[in-house]
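Q: One structure is given below, represented as structure tokens, and several questions about it will come after.
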Amino acid sequence: MTLQSIRVRLTAWYALLLAIALLATDGVTYVVAKKQIQKSNDAALASTTRNFLSALRDEIDEGEGMLRLHPANELLAEFHDNGRGIVLLLPDGSPFAGHQTPVARSLDREVLRRLTKAHQYGLSTVSGGASRLDLAPVQHGAQSFVIAVAQSLAAQNETLELLRTAMLATAPIALLIAALGGYFLARKNLEPVARSFAEQRRFMADASHELRTPVAILQGELDVTLSREDRNAADYRESLEVMHRTVRRLTRIVRDLFLLARSDAGDIPVRREPLYAGDLVSQTARAYKTVAAERGVVLVADCEEELLIDGDEDLLQRMIGNLLENAIRHTEPGGEVRLRCAVDGNVARIEVQDQGGGVPSELREQIFERFFRVDPARTGSGAGLGLPIARWIAEVHGGALWLEESGSGGSVFVGALPRSSRV
Amino acid sequence: MVEDDPDMARFITRGLGEQAYAVDAVTTGAKALEHAMTAPYDAIVLDVMIPAPDGLEVCRSLRREGINTPILMLTARDAVRDRVEGLDAGADDYLVKPFEFAELLARLRALVRRRGAPHAARIEIADLCIDTLAHRVRRGDEELTLTTKEYALLEYLAVNAGRVIGREEIAEHVWNEEFDPFSNLIEVYIGRLRRIVDRGRGPALIHTLRGAGYIVEVR
């Protein structure tokens, strides 16, 4: 899957989630608003009912226990409101008096009768959702009535309709915001991924570049050698030696690349066991005596005895080995490479001094970057992985590795490792 | 051939030599420029990553100086950008490591062919027939056995049949820079070729023009 397609998918997912969140917020807002409006409507309706009831009782009192039609109609007119309708019912559900407002007219008499007969008092929604009805019995003196107060829901429905329209109108904007938000989130979150992709791509390009030359040598040497049949044993032997050398070079590069790849993945177990720095130094020096001799370089090792460090023997030998190899390669035949170790407070210093041409000051950190070579044309030398690996090994041991000094007289590399806590 | 990796240089020099090419091998850009500007090479095999100036720079300098020797660039980088850069610097062709040696040979042949007179796969002069791909020579019905150097000399003369070729030109195109101009090696080889190609086989094809050089033609 390419980074681009991951970005597209991630954007889509973020946008979808944001859209769901925004629409859910809209939905909840709508439901809450609707409930709130209904509640306040119902409260107003109940209060109208209460007021009317109390006015009705007063009227009955004034009529000395009797309610006549005329005062009833006057009372109803007093409570007149276009959005409201009040009907005074007899206990059997038949209308006694009513003010002919549109709402009152729209009330279904049959429904009123049924509700009254069944004593279903209180709030209900009638007229197919167009009105809210409050049905309340009243008994005062000898008089018994049921009052039906209906409130039109037109205003409420209109408000809610407006809210719905507004929400629908803003939904595309919300979706757009979601998409943009999704895109930015995806970009932001993918940034480190993109960076590591780019790093990995560069690593792959560099690695393949390093592998190409030795593979080209093997291929060419084989092609040329096999192109004729009349070769003598010496010719074949020489070819095999070239290929042997090249395979060793390849193996080394592959091994180093593998180590770096695994170190990036944090996949290398680093053992911690007490080691004598002296043993480490003399063993590694012995292993590199031949390499030094082949180049005509003298390798001198000297180390303080009884200097204990905690670490992984294989990795530390490799660290020292890489430094030695680097030093031998850069020292002209007849020169000398010194390997020393010494105590410096809590630290064991392992120093490798060569007599090479030195590293230009502006390149002193770059030499620890992967695949970096001071002279890019020196294809015969290492792949530019020795120093980065050495530094990585020092660092996983809680130490450090640096180029201490460098000039025309040579360079000194120092690996500093914490001393063992065991004394 | 410009290549700083000794093992790369070794098989290319050896492989080209076995194909009757005379090869001068150098390891740096500076030496490459020096050589290419002083001798008329038929082709240059140029690695990009060489000690300064690098292959791209060598290419540009040569083209600036008006030297149009065909250049086959070798490189370990295969990104399109790298190839474009190489060709734009003035290289005629581009080969990415690793490569099959046969491909290097084919591309070199194509470059040399494109440059000079059309270098036919078969050259026929009277009943002499040279297969320049297989490096086989026949006269009449008989197959002639030649060493690599003898073949290279005969092919060079035959490609330029009808034209007088001087000693110096032969030395430059058939031998490499280690050729000693005071030796009589060319005369020795011409003598051998005559024995193999001409003696007792119909009309003589290899002729000597005193003080001028040699010519292959039907007289």
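Within each chain, counting starts at residue 1; across the structure tokens, chains are named A, B, ... in the order shown, with ligands numbered 1 upward in that order.
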Find the residues in chain B near chain A: any atom within 6 Å counts, using only C-alpha atoms. Write them as a list in words.

A: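 Applying the cut-off to the listed atoms yields Asp5, Met8, Phe11, Gly15, Met49, Ile50, Pro51, Ala76, Lys97, Pro98 and Phe101 of chain B.
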
Q: Write out as a PyMOL selection string all residues of chain B that DSSP puts in strand (DSSP E) for this structure's backbone.

A: chain B and resi 44-47+71-75+93-96+122-125+128-131+136-139+142-144+206-209+213-216

Q: Kindly save the residues from that selection, with C-alpha atoms included, as a PDB file, in the first residue's frame.

A:
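Resulting contents of again22.pdb:
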```
ATOM      1  CA  ILE B  44      35.039   5.292 -23.353  1.00  0.00           C
ATOM      2  CA  VAL B  45      33.564   3.112 -20.599  1.00  0.00           C
ATOM      3  CA  LEU B  46      33.138   5.512 -17.704  1.00  0.00           C
ATOM      4  CA  ASP B  47      32.131   4.770 -14.120  1.00  0.00           C
ATOM      5  CA  ILE B  71      30.776   7.290 -23.817  1.00  0.00           C
ATOM      6  CA  LEU B  72      29.133   4.346 -22.087  1.00  0.00           C
ATOM      7  CA  MET B  73      28.452   5.255 -18.492  1.00  0.00           C
ATOM      8  CA  LEU B  74      28.503   2.674 -15.704  1.00  0.00           C
ATOM      9  CA  THR B  75      26.778   3.357 -12.442  1.00  0.00           C
ATOM     10  CA  ASP B  93      24.519   5.196 -23.212  1.00  0.00           C
ATOM     11  CA  TYR B  94      24.018   4.141 -19.635  1.00  0.00           C
ATOM     12  CA  LEU B  95      24.470   0.761 -17.984  1.00  0.00           C
ATOM     13  CA  VAL B  96      23.422   0.045 -14.409  1.00  0.00           C
ATOM     14  CA  ARG B 122      29.987  -9.328 -41.817  1.00  0.00           C
ATOM     15  CA  ILE B 123      32.809  -7.900 -43.826  1.00  0.00           C
ATOM     16  CA  GLU B 124      33.556  -9.488 -47.183  1.00  0.00           C
ATOM     17  CA  ILE B 125      36.605  -8.710 -49.294  1.00  0.00           C
ATOM     18  CA  LEU B 128      37.722 -13.261 -47.275  1.00  0.00           C
ATOM     19  CA  CYS B 129      34.773 -13.189 -44.891  1.00  0.00           C
ATOM     20  CA  ILE B 130      34.906 -11.778 -41.361  1.00  0.00           C
ATOM     21  CA  ASP B 131      32.099 -12.349 -38.884  1.00  0.00           C
ATOM     22  CA  ARG B 136      35.438 -15.791 -37.051  1.00  0.00           C
ATOM     23  CA  VAL B 137      37.343 -15.501 -40.275  1.00  0.00           C
ATOM     24  CA  ARG B 138      36.954 -17.591 -43.416  1.00  0.00           C
ATOM     25  CA  ARG B 139      38.857 -17.512 -46.652  1.00  0.00           C
ATOM     26  CA  GLU B 142      38.365 -22.628 -45.039  1.00  0.00           C
ATOM     27  CA  GLU B 143      38.049 -21.335 -41.493  1.00  0.00           C
ATOM     28  CA  LEU B 144      41.170 -19.446 -40.370  1.00  0.00           C
ATOM     29  CA  ILE B 206      47.190  -7.291 -47.380  1.00  0.00           C
ATOM     30  CA  HIS B 207      49.604  -4.860 -48.967  1.00  0.00           C
ATOM     31  CA  THR B 208      52.446  -2.731 -47.633  1.00  0.00           C
ATOM     32  CA  LEU B 209      52.956   0.831 -48.837  1.00  0.00           C
ATOM     33  CA  GLY B 213      51.520   1.976 -43.882  1.00  0.00           C
ATOM     34  CA  TYR B 214      49.254  -0.874 -44.852  1.00  0.00           C
ATOM     35  CA  ILE B 215      46.144  -1.380 -46.920  1.00  0.00           C
ATOM     36  CA  VAL B 216      43.694  -4.210 -47.423  1.00  0.00           C
TER      37      VAL B 216
END
```

Q: So the first atom is atom CA of Thr145 of chain B and the second is atom CA of Ile190 of chain B; what is the distance between them in Å, to one decimal place?

A: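 Rounded to one decimal, the two atoms are 15.0 Å apart.
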
Q: Got a sec to tell me which of segment 10-200 of chain B DSSP assigns to alpha helix (DSSP H), as a PyMOL selection string?

A: chain B and resi 10-18+29-38+55-64+80-88+101-115+148-159+167-174+185-193

Q: May I ask which of the residues B:Ala36, B:Val84, B:Ala134, B:Ala79 is the closest one to Gly66 of chain B, counting only C-alpha atoms?

A: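 Looking at the shortest contact to Gly66 of chain B, the residue is B:Ala36.
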
Q: Residues at most 12 Å from Leu115 of chain A, counting only C-alpha atoms, excluding those fewer than 6 positions away in the same chain, as a list in words?

A: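 Here the qualifying residues turn out to be Leu89, Pro91, Asp92, Gly93, Ser94, Asp108, Arg109, Tyr121, Gly122, Leu123, Ser124, Val126, Leu133, Asp134, Leu135, Ala136, Pro137, Val146, Ile147 and Ala148 of chain A.
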
Q: Determine, for each residue of segment 23-48 of chain B having at least one atom at most 12 Å from an atom of segment 146-168 of chain B, the closest pair of atoms and their separation in Å to one decimal, counting only C-alpha atoms; order by chain and ascending number, as a Markdown table.

A:
```
| residue | atom | partner | partner_atom | distance |
| --- | --- | --- | --- | --- |
| B:Ala39 | CA | B:Glu168 | CA | 10.9 |
| B:Pro40 | CA | B:Glu168 | CA | 11.2 |
| B:Asp42 | CA | B:Tyr156 | CA | 11.6 |
```

Q: Could you give me, as a count of residues only, the residues within 6 Å of segment 382-388 of chain A, counting only C-alpha atoms and dropping anything in the same chain fewer than 6 positions from it?

A: 7

Q: Tell me, as a PyMOL selection string, which residues lie within 7 Å of Gly29 of chain B, counting only C-alpha atoms; anything in the same chain fewer than 6 positions away does not count.

A: chain B and resi 50-55+58

Q: Please report the interatomic distance between atom CA of Leu307 of chain A and atom CA of Tyr276 of chain A in Å with one decimal.

A: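 Atom-to-atom, atom CA of Leu307 of chain A to atom CA of Tyr276 of chain A, that is 5.6 Å.
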